[in-house]
>>> print(open('start_5.pdb').read())   # PDB, C-alpha atoms, pLDDT in the B column
MODEL        1
ATOM      1  CA  MET A   5      -6.485   8.491  -0.706  1.00 82.00           C
ATOM      2  CA  ARG A   6      -7.985  11.370   1.221  1.00 87.00           C
ATOM      3  CA  CYS A   7     -11.115   9.346   1.933  1.00 93.00           C
ATOM      4  CA  LEU A   8      -9.085   6.411   3.247  1.00 94.00           C
ATOM      5  CA  ALA A   9      -7.089   8.781   5.459  1.00 95.00           C
ATOM      6  CA  GLN A  10     -10.299  10.339   6.761  1.00 95.00           C
ATOM      7  CA  VAL A  11     -11.774   6.941   7.651  1.00 96.00           C
ATOM      8  CA  ARG A  12      -8.497   5.940   9.305  1.00 95.00           C
ATOM      9  CA  ARG A  13      -8.452   9.131  11.389  1.00 95.00           C
ATOM     10  CA  ALA A  14     -11.956   8.206  12.538  1.00 97.00           C
ATOM     11  CA  GLY A  15     -10.462   5.074  14.110  1.00 97.00           C
ATOM     12  CA  VAL A  16     -11.078   2.425  11.453  1.00 97.00           C
ATOM     13  CA  PRO A  17      -7.937   0.405  10.612  1.00 97.00           C
ATOM     14  CA  ILE A  18      -7.302   0.460   6.863  1.00 97.00           C
ATOM     15  CA  ALA A  19      -5.571  -2.182   4.736  1.00 96.00           C
ATOM     16  CA  ALA A  20      -5.251  -1.143   1.096  1.00 96.00           C
ATOM     17  CA  GLY A  21      -2.878  -0.841  -1.816  1.00 95.00           C
ATOM     18  CA  GLU A  22      -3.702  -3.923  -3.853  1.00 94.00           C
ATOM     19  CA  ASN A  23      -4.397  -1.735  -6.903  1.00 94.00           C
ATOM     20  CA  VAL A  24      -1.461   0.659  -6.493  1.00 95.00           C
ATOM     21  CA  PRO A  25       0.796   0.275  -9.561  1.00 95.00           C
ATOM     22  CA  THR A  26       3.910   2.353  -8.728  1.00 96.00           C
ATOM     23  CA  LEU A  27       6.255   3.196  -5.874  1.00 95.00           C
ATOM     24  CA  ILE A  28       5.364   6.862  -6.298  1.00 96.00           C
ATOM     25  CA  GLU A  29       1.726   6.042  -5.607  1.00 96.00           C
ATOM     26  CA  PHE A  30       2.700   3.965  -2.553  1.00 96.00           C
ATOM     27  CA  ASP A  31       4.659   6.947  -1.244  1.00 95.00           C
ATOM     28  CA  ARG A  32       1.597   9.155  -1.749  1.00 96.00           C
ATOM     29  CA  LEU A  33      -0.566   6.615   0.078  1.00 96.00           C
ATOM     30  CA  PHE A  34       1.845   6.619   3.030  1.00 96.00           C
ATOM     31  CA  GLY A  35       2.257  10.399   2.946  1.00 95.00           C
ATOM     32  CA  ALA A  36      -1.506  10.856   3.160  1.00 96.00           C
ATOM     33  CA  GLY A  37      -1.613   8.647   6.266  1.00 96.00           C
ATOM     34  CA  ALA A  38      -4.194   6.525   4.462  1.00 97.00           C
ATOM     35  CA  VAL A  39      -3.273   3.011   5.610  1.00 97.00           C
ATOM     36  CA  ASN A  40      -2.441   1.016   8.716  1.00 97.00           C
ATOM     37  CA  TYR A  41      -1.376  -1.919   6.550  1.00 97.00           C
ATOM     38  CA  VAL A  42      -0.313  -1.892   2.921  1.00 97.00           C
ATOM     39  CA  GLN A  43      -1.181  -4.741   0.556  1.00 96.00           C
ATOM     40  CA  PRO A  44       0.897  -4.509  -2.627  1.00 96.00           C
ATOM     41  CA  SER A  45      -0.010  -6.976  -5.360  1.00 94.00           C
ATOM     42  CA  PRO A  46       2.999  -8.543  -7.097  1.00 92.00           C
ATOM     43  CA  ALA A  47       0.982  -8.747 -10.307  1.00 90.00           C
ATOM     44  CA  LYS A  48       0.031  -5.064 -10.333  1.00 92.00           C
ATOM     45  CA  VAL A  49       3.192  -3.493  -8.950  1.00 93.00           C
ATOM     46  CA  GLY A  50       5.444  -5.021 -11.616  1.00 91.00           C
ATOM     47  CA  GLY A  51       6.738  -8.277 -10.192  1.00 92.00           C
ATOM     48  CA  VAL A  52       8.793  -9.456  -7.263  1.00 92.00           C
ATOM     49  CA  THR A  53      11.585  -6.887  -7.685  1.00 95.00           C
ATOM     50  CA  GLU A  54       9.168  -3.951  -7.440  1.00 94.00           C
ATOM     51  CA  LEU A  55       7.308  -5.715  -4.635  1.00 94.00           C
ATOM     52  CA  CYS A  56      10.547  -5.804  -2.625  1.00 95.00           C
ATOM     53  CA  LYS A  57      11.002  -2.077  -3.246  1.00 96.00           C
ATOM     54  CA  ALA A  58       7.493  -1.484  -1.920  1.00 96.00           C
ATOM     55  CA  PHE A  59       8.460  -3.490   1.189  1.00 96.00           C
ATOM     56  CA  THR A  60      11.466  -1.213   1.720  1.00 97.00           C
ATOM     57  CA  LEU A  61       9.391   1.934   1.274  1.00 97.00           C
ATOM     58  CA  ALA A  62       6.785   0.646   3.717  1.00 97.00           C
ATOM     59  CA  SER A  63       9.507  -0.191   6.235  1.00 97.00           C
ATOM     60  CA  VAL A  64      10.900   3.344   6.053  1.00 96.00           C
ATOM     61  CA  ARG A  65       7.376   4.677   6.699  1.00 96.00           C
ATOM     62  CA  ASN A  66       6.753   2.121   9.509  1.00 97.00           C
ATOM     63  CA  VAL A  67       3.779   0.600   7.705  1.00 97.00           C
ATOM     64  CA  PRO A  68       3.317  -3.187   8.045  1.00 98.00           C
ATOM     65  CA  VAL A  69       3.040  -5.109   4.766  1.00 97.00           C
ATOM     66  CA  MET A  70       0.592  -7.909   3.984  1.00 94.00           C
ATOM     67  CA  PRO A  71       1.026  -8.768   0.288  1.00 92.00           C
ATOM     68  CA  HIS A  72      -2.160  -9.111  -1.703  1.00 91.00           C
ATOM     69  CA  SER A  73      -2.811 -12.539  -3.143  1.00 82.00           C
ATOM     70  CA  PHE A  74      -4.332 -12.328  -6.569  1.00 69.00           C
ATOM     71  CA  ALA A  75      -6.612 -14.978  -8.004  1.00 68.00           C
ATOM     72  CA  PRO A  76      -5.763 -16.241 -11.472  1.00 65.00           C
ATOM     73  CA  THR A  77      -8.433 -15.581 -14.048  1.00 61.00           C
TER      74      THR A  77
ENDMDL
END
>>> encode(input="start_5.pdb", output="structure tokens")
Amino acid sequence: MRCLAQVRRAGVPIAAGENVPTLIEFDRLFGAGAVNYVQPSPAKVGGVTELCKAFTLASVRNVPVMPHSFAPT
């Protein structure tokens, strides 16, 4: 997270979060100032209910959400 935040502070917009599995980790990502856009994956965050919670958390932190689209394997 620190590396993403450092790159973002250098002026590069960052979209990340597709591998973040919990709301606690999303909060850490936001707290570190690591992303301009967050991309939670419904498959990795625990389904649609948890995805909606990630949306709420992002809204409170004023971080736009662009859900990650996973490819079936």
>>> atom_distance(input="start_5.pdb", atom1="CA of Phe30 in chain A", atom2="CA of Gly15 in chain A")
21.3 Å
>>> resolve_selection(input="start_5.pdb", expression="the PyMOL selection byres ((chain A and resi 23) around 9)", output="VMD selection string")
chain A and resid 20 to 22 24 to 25 43 to 45 48 to 49
>>> write_last_selection(input="start_5.pdb", atoms="C-alpha atoms", output="PDB file, in the coordinates of the input")
ATOM      1  CA  ALA A  20      -5.251  -1.143   1.096  1.00 96.00           C
ATOM      2  CA  GLY A  21      -2.878  -0.841  -1.816  1.00 95.00           C
ATOM      3  CA  GLU A  22      -3.702  -3.923  -3.853  1.00 94.00           C
ATOM      4  CA  VAL A  24      -1.461   0.659  -6.493  1.00 95.00           C
ATOM      5  CA  PRO A  25       0.796   0.275  -9.561  1.00 95.00           C
ATOM      6  CA  GLN A  43      -1.181  -4.741   0.556  1.00 96.00           C
ATOM      7  CA  PRO A  44       0.897  -4.509  -2.627  1.00 96.00           C
ATOM      8  CA  SER A  45      -0.010  -6.976  -5.360  1.00 94.00           C
ATOM      9  CA  LYS A  48       0.031  -5.064 -10.333  1.00 92.00           C
ATOM     10  CA  VAL A  49       3.192  -3.493  -8.950  1.00 93.00           C
TER      11      VAL A  49
END
>>> residues_around(input="start_5.pdb", residues="Ala9 in chain A", least_positions_apart="2", cutoff="12 Å", atoms="all atoms listed in the file", output="list in words")
Met5, Arg6, Cys7, Val11, Arg12, Arg13, Ala14, Gly15, Val16, Pro17, Ile18, Ala19, Ala20, Arg32, Leu33, Phe34, Gly35, Ala36, Gly37, Ala38, Val39 and Asn40 of chain A
>>> write_last_selection(input="start_5.pdb", atoms="C-alpha atoms", output="short mmCIF file (atom, residue, chain, number, x, y, z; two decimals), keeping the file's coordinate frame")
data_model
loop_
_atom_site.label_atom_id
_atom_site.label_comp_id
_atom_site.auth_asym_id
_atom_site.auth_seq_id
_atom_site.Cartn_x
_atom_site.Cartn_y
_atom_site.Cartn_z
CA MET A 5 -6.48 8.49 -0.71
CA ARG A 6 -7.98 11.37 1.22
CA CYS A 7 -11.12 9.35 1.93
CA VAL A 11 -11.77 6.94 7.65
CA ARG A 12 -8.50 5.94 9.30
CA ARG A 13 -8.45 9.13 11.39
CA ALA A 14 -11.96 8.21 12.54
CA GLY A 15 -10.46 5.07 14.11
CA VAL A 16 -11.08 2.42 11.45
CA PRO A 17 -7.94 0.40 10.61
CA ILE A 18 -7.30 0.46 6.86
CA ALA A 19 -5.57 -2.18 4.74
CA ALA A 20 -5.25 -1.14 1.10
CA ARG A 32 1.60 9.15 -1.75
CA LEU A 33 -0.57 6.62 0.08
CA PHE A 34 1.84 6.62 3.03
CA GLY A 35 2.26 10.40 2.95
CA ALA A 36 -1.51 10.86 3.16
CA GLY A 37 -1.61 8.65 6.27
CA ALA A 38 -4.19 6.52 4.46
CA VAL A 39 -3.27 3.01 5.61
CA ASN A 40 -2.44 1.02 8.72
#
>>> resolve_selection(input="start_5.pdb", expression="the PyMOL selection byres ((chain A and resi 62-70) around 7)", output="JSON, numbers by chain")
{"A": [34, 40, 41, 42, 43, 58, 59, 60, 61, 71, 72]}
>>> axis_aligned_box(input="start_5.pdb", around="range 55-64 of chain A", padding_each_side="3 Å", output="lines of an AutoDock Vina configuration file")
center_x = 9.1
center_y = -1.2
center_z = 0.8
size_x = 10.7
size_y = 15.1
size_z = 16.9
